[in-house]
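S.K.: One structure, as structure tokens, below. Some questions next.
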Amino acid sequence: MGPYRTGKSFLLDQLAPHDDGVYPFKVGDTVQPETEEVSLVIVPPCASNSSETLVLLDSPGLFAPNRAAVFDSQLLAVLNLLSSVVMYNSMNIMDRSAIEKLSYAVETAFAMSYFEQKNASNAISRPHLVWVIQNFHLQPLSENGTELSGAEWIQRLLVQIDQSNNGTSAFQAQFNDFFASLDVKTLPFPVTTVEDLQILSTLPTSRLNPAYRRSVAGLWEHVVGTASPKTIGSLKLTGTALATLLERWTENMNIPISSYRDNSAEILLGHIMKEEISRSTVKYSEVMSQLVKPPMSEAKILKISGSAIANILGTDPSPQYLDAVTRAVKPLLDGYLKVC
């Protein structure tokens, strides 16, 4: 995410595994916004050197003249909540204006996501912020000339803005409360000539600046190493659960902020658990109907049942989820034990 016409989609095209010159996200070379809706690319583990499937989301550019400011804040809020890693894309430098606008979206996300219950057992996992600065050619140095890491740079910037506001803002506290970590990654110019810059959307990867390609590879390695499955409490969220969250948050955006708190984190977790247990029970029933054929011994039925539950829940399910599903399918299991 980031301002429109700053190369968000182009950067995602370089990050996503692709054939040379064949890109998954739409880009353009004019002043008009290209991305008008959230689009995604699914990267399987075999293509990312990760143990998990990754989903890359490309969002419409922020602050475009054809969209209202409230749309930007709502979009930022929802994507921040859904994501494990948020890449905020900008050009040349981080500035006060971008911090303030991202802060407004974070405030909206806080209100609709129950993140205020940070240390609760049912808290939602927080996203990591990676601020990506493209076309970067400066040196990240402190006032005394020492080199700053990305994390040091963004923390110092937030402190400076808070201090310049004479205590009327708390950007550093807000960002550190909302995000699991803050970091900055820089990328050089993707090409070395103005002519290539003007046709960037049509250039194959092989024509890009080697230094840029190395930096993109390093960014991808950082993102893959940082990303982790989204959780609420001890429950790892599936695609179905994330869709449930998205539906609930979308509903929240259309009601007064004062009503957000009516949906506590505990109620939200309960709603998701109900959906997940229902889905798991249906799958369990399908597996058992295929594999259990009378006459069959009790021991074999129990073995099939245990394997079915393990396969449905996946690796390392939370004890709470495992117990809930086991109790939900017990009537089905008892029925098979009686019949067979």
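All residue names refer to the structure tokens as shown: chains lettered A, B, ... in order, residues numbered from 1 in each chain, ligands numbered from 1 in order.
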Taking 6 positions as the minimum chain separation for residues in the same chain, which residues sit within 8 Å of stretch 14-17 of chain A when counting only C-alpha atoms? Answer as a PyMOL selection string.
M.R.: chain A and resi 23-24+41+43+47-48+56+205+216-217+220
S.K.: Mind dumping the selected residues with N, CA, C and O atoms as a short mmCIF file (atom, residue, chain, number, x, y, z; two decimals), in the first residue's frame?
M.R.:
```cif
data_model
loop_
_atom_site.label_atom_id
_atom_site.label_comp_id
_atom_site.auth_asym_id
_atom_site.auth_seq_id
_atom_site.Cartn_x
_atom_site.Cartn_y
_atom_site.Cartn_z
N TYR A 23 3.99 -10.28 -15.84
CA TYR A 23 3.75 -9.85 -14.48
C TYR A 23 2.30 -10.06 -14.05
O TYR A 23 1.37 -9.89 -14.86
N PRO A 24 2.07 -10.41 -12.78
CA PRO A 24 0.69 -10.69 -12.32
C PRO A 24 -0.14 -9.45 -12.03
O PRO A 24 -1.37 -9.49 -12.12
N VAL A 41 -2.34 -12.27 -5.48
CA VAL A 41 -1.62 -13.38 -6.10
C VAL A 41 -1.27 -14.36 -5.00
O VAL A 41 -0.76 -13.96 -3.94
N VAL A 43 1.01 -17.31 -3.65
CA VAL A 43 2.34 -17.86 -3.87
C VAL A 43 2.46 -19.15 -3.05
O VAL A 43 2.52 -19.10 -1.82
N ALA A 47 7.17 -22.03 -4.35
CA ALA A 47 7.66 -20.88 -5.09
C ALA A 47 8.24 -19.79 -4.19
O ALA A 47 8.77 -18.80 -4.69
N SER A 48 8.12 -19.97 -2.88
CA SER A 48 8.57 -18.91 -1.97
C SER A 48 9.62 -19.36 -0.98
O SER A 48 10.08 -18.56 -0.16
N LEU A 56 -0.21 -12.27 -1.68
CA LEU A 56 0.21 -10.89 -1.91
C LEU A 56 -1.02 -10.07 -2.30
O LEU A 56 -1.72 -10.41 -3.26
N THR A 205 12.31 -8.21 -16.56
CA THR A 205 13.16 -8.13 -15.37
C THR A 205 14.63 -8.11 -15.73
O THR A 205 15.43 -7.45 -15.05
N VAL A 216 15.59 -6.01 -4.26
CA VAL A 216 14.26 -6.63 -4.26
C VAL A 216 14.35 -8.05 -3.71
O VAL A 216 13.49 -8.48 -2.92
N ALA A 217 15.39 -8.78 -4.10
CA ALA A 217 15.57 -10.14 -3.58
C ALA A 217 15.75 -10.12 -2.06
O ALA A 217 15.21 -10.97 -1.34
N TRP A 220 12.33 -9.42 -0.48
CA TRP A 220 11.48 -10.62 -0.51
C TRP A 220 11.90 -11.60 0.58
O TRP A 220 11.05 -12.17 1.27
#
```
S.K.: Hey, could you make a per-residue contact list for stretch 136-218 of chain A against stretch 97-112 of chain A with 12 Å as the cut-off, showing the nearest pair of atoms and its distance in Å to one decimal, counting only C-alpha atoms, sorted by chain and number, as JSON lines?
M.R.:
```
{"residue": "A:Ile154", "atom": "CA", "partner": "A:Ile99", "partner_atom": "CA", "distance": 10.0}
{"residue": "A:Gln155", "atom": "CA", "partner": "A:Ile99", "partner_atom": "CA", "distance": 11.6}
{"residue": "A:Leu157", "atom": "CA", "partner": "A:Ile99", "partner_atom": "CA", "distance": 9.3}
{"residue": "A:Leu158", "atom": "CA", "partner": "A:Ile99", "partner_atom": "CA", "distance": 8.0}
{"residue": "A:Val159", "atom": "CA", "partner": "A:Ile99", "partner_atom": "CA", "distance": 11.6}
{"residue": "A:Gln160", "atom": "CA", "partner": "A:Ile99", "partner_atom": "CA", "distance": 11.6}
{"residue": "A:Ile161", "atom": "CA", "partner": "A:Ile99", "partner_atom": "CA", "distance": 8.9}
{"residue": "A:Asp162", "atom": "CA", "partner": "A:Glu100", "partner_atom": "CA", "distance": 10.8}
{"residue": "A:Asn165", "atom": "CA", "partner": "A:Glu100", "partner_atom": "CA", "distance": 11.7}
{"residue": "A:Ser169", "atom": "CA", "partner": "A:Glu100", "partner_atom": "CA", "distance": 9.7}
{"residue": "A:Ala170", "atom": "CA", "partner": "A:Ser103", "partner_atom": "CA", "distance": 9.7}
{"residue": "A:Phe171", "atom": "CA", "partner": "A:Ser103", "partner_atom": "CA", "distance": 7.0}
{"residue": "A:Gln172", "atom": "CA", "partner": "A:Ser103", "partner_atom": "CA", "distance": 9.8}
{"residue": "A:Ala173", "atom": "CA", "partner": "A:Ser103", "partner_atom": "CA", "distance": 10.8}
{"residue": "A:Gln174", "atom": "CA", "partner": "A:Ser103", "partner_atom": "CA", "distance": 7.7}
{"residue": "A:Phe175", "atom": "CA", "partner": "A:Ser103", "partner_atom": "CA", "distance": 7.5}
{"residue": "A:Asn176", "atom": "CA", "partner": "A:Val106", "partner_atom": "CA", "distance": 10.9}
{"residue": "A:Asp177", "atom": "CA", "partner": "A:Phe110", "partner_atom": "CA", "distance": 9.6}
{"residue": "A:Phe178", "atom": "CA", "partner": "A:Val106", "partner_atom": "CA", "distance": 7.2}
{"residue": "A:Phe179", "atom": "CA", "partner": "A:Val106", "partner_atom": "CA", "distance": 9.3}
```
S.K.: Using DSSP secondary structure from the backbone, list all alpha helix (DSSP H) positions within stretch 103-314 of chain A, as a ChimeraX atom specification.
M.R.: /A:103-113,150-164,171-178,194-198,210-226,239-253,265-291,298-313
S.K.: Kindly provide the residues of stretch 179-268 of chain A that approach stretch 51-55 of chain A to within 10 Å, each paired with its closest atom pair and their distance in Å to one decimal, based on only C-alpha atoms, listed by chain and increasing number, as CSV.
M.R.:
```
residue,atom,partner,partner_atom,distance
A:Val224,CA,A:Leu54,CA,8.2
A:Ala227,CA,A:Leu54,CA,8.3
A:Ser228,CA,A:Glu52,CA,7.9
A:Pro229,CA,A:Glu52,CA,7.8
```
S.K.: Quick one: pick out all strand (DSSP E or B) residues within stretch 95-156 of chain A from a backbone DSSP run and write them as an NGL selection string.
M.R.: :A and (124 or 128-134 or 141 or 147)
S.K.: What does the structure give for the distance between atom CA of A:Pro204 and atom CA of A:Asp183, in Å to one decimal?
M.R.: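 Computing it gives 29.1 Å between the two atoms.
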S.K.: From the set A:Ile133, A:Met91, A:Leu187, A:Leu302, which residue has the shortest atom-to-atom contact distance to A:Lys330, counting only C-alpha atoms?
M.R.: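 Comparing A:Ile133, A:Met91, A:Leu187, A:Leu302 against A:Lys330, the winner is A:Leu302.
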S.K.: Please provide the set of residues having any atom within 12 Å of A:Leu141, restricted to only C-alpha atoms, with same-chain residues fewer than 3 positions apart removed, written as a count of residues only.
M.R.: 13
S.K.: Let me make sure I understand: among A:Val287, A:Val325, A:Ile124, A:Ile309, which one has the smallest atom-to-atom distance to A:Thr231 if we use only C-alpha atoms?
M.R.: A:Ile124
S.K.: Which residues come within 12 Å of A:Ala310, counting only C-alpha atoms, excluding same-chain residues fewer than 2 positions away, as a PyMOL selection string?
M.R.: chain A and resi 280+283-284+287+303-308+312-318+321-323+325-326
S.K.: What is the distance, in Å and to one decimal place, between atom CA of A:Thr192 and atom CA of A:Arg213?
M.R.: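 Spanning atom CA of A:Thr192 to atom CA of A:Arg213 is a straight-line distance of 12.5 Å.
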S.K.: What is the atom CA of A:Arg126 to atom CA of A:Ser215 distance in Å?
M.R.: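 If I compute the distance from atom CA of A:Arg126 to atom CA of A:Ser215, I get 25.7 Å.
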S.K.: Rank A:Val184, A:Pro140, A:Asn135, A:Asp95 by their smallest atom-to-atom distance to A:Ala211, using only C-alpha atoms, and report the top residue only.
M.R.: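 So, comparing all the options, the nearest one is A:Asn135.
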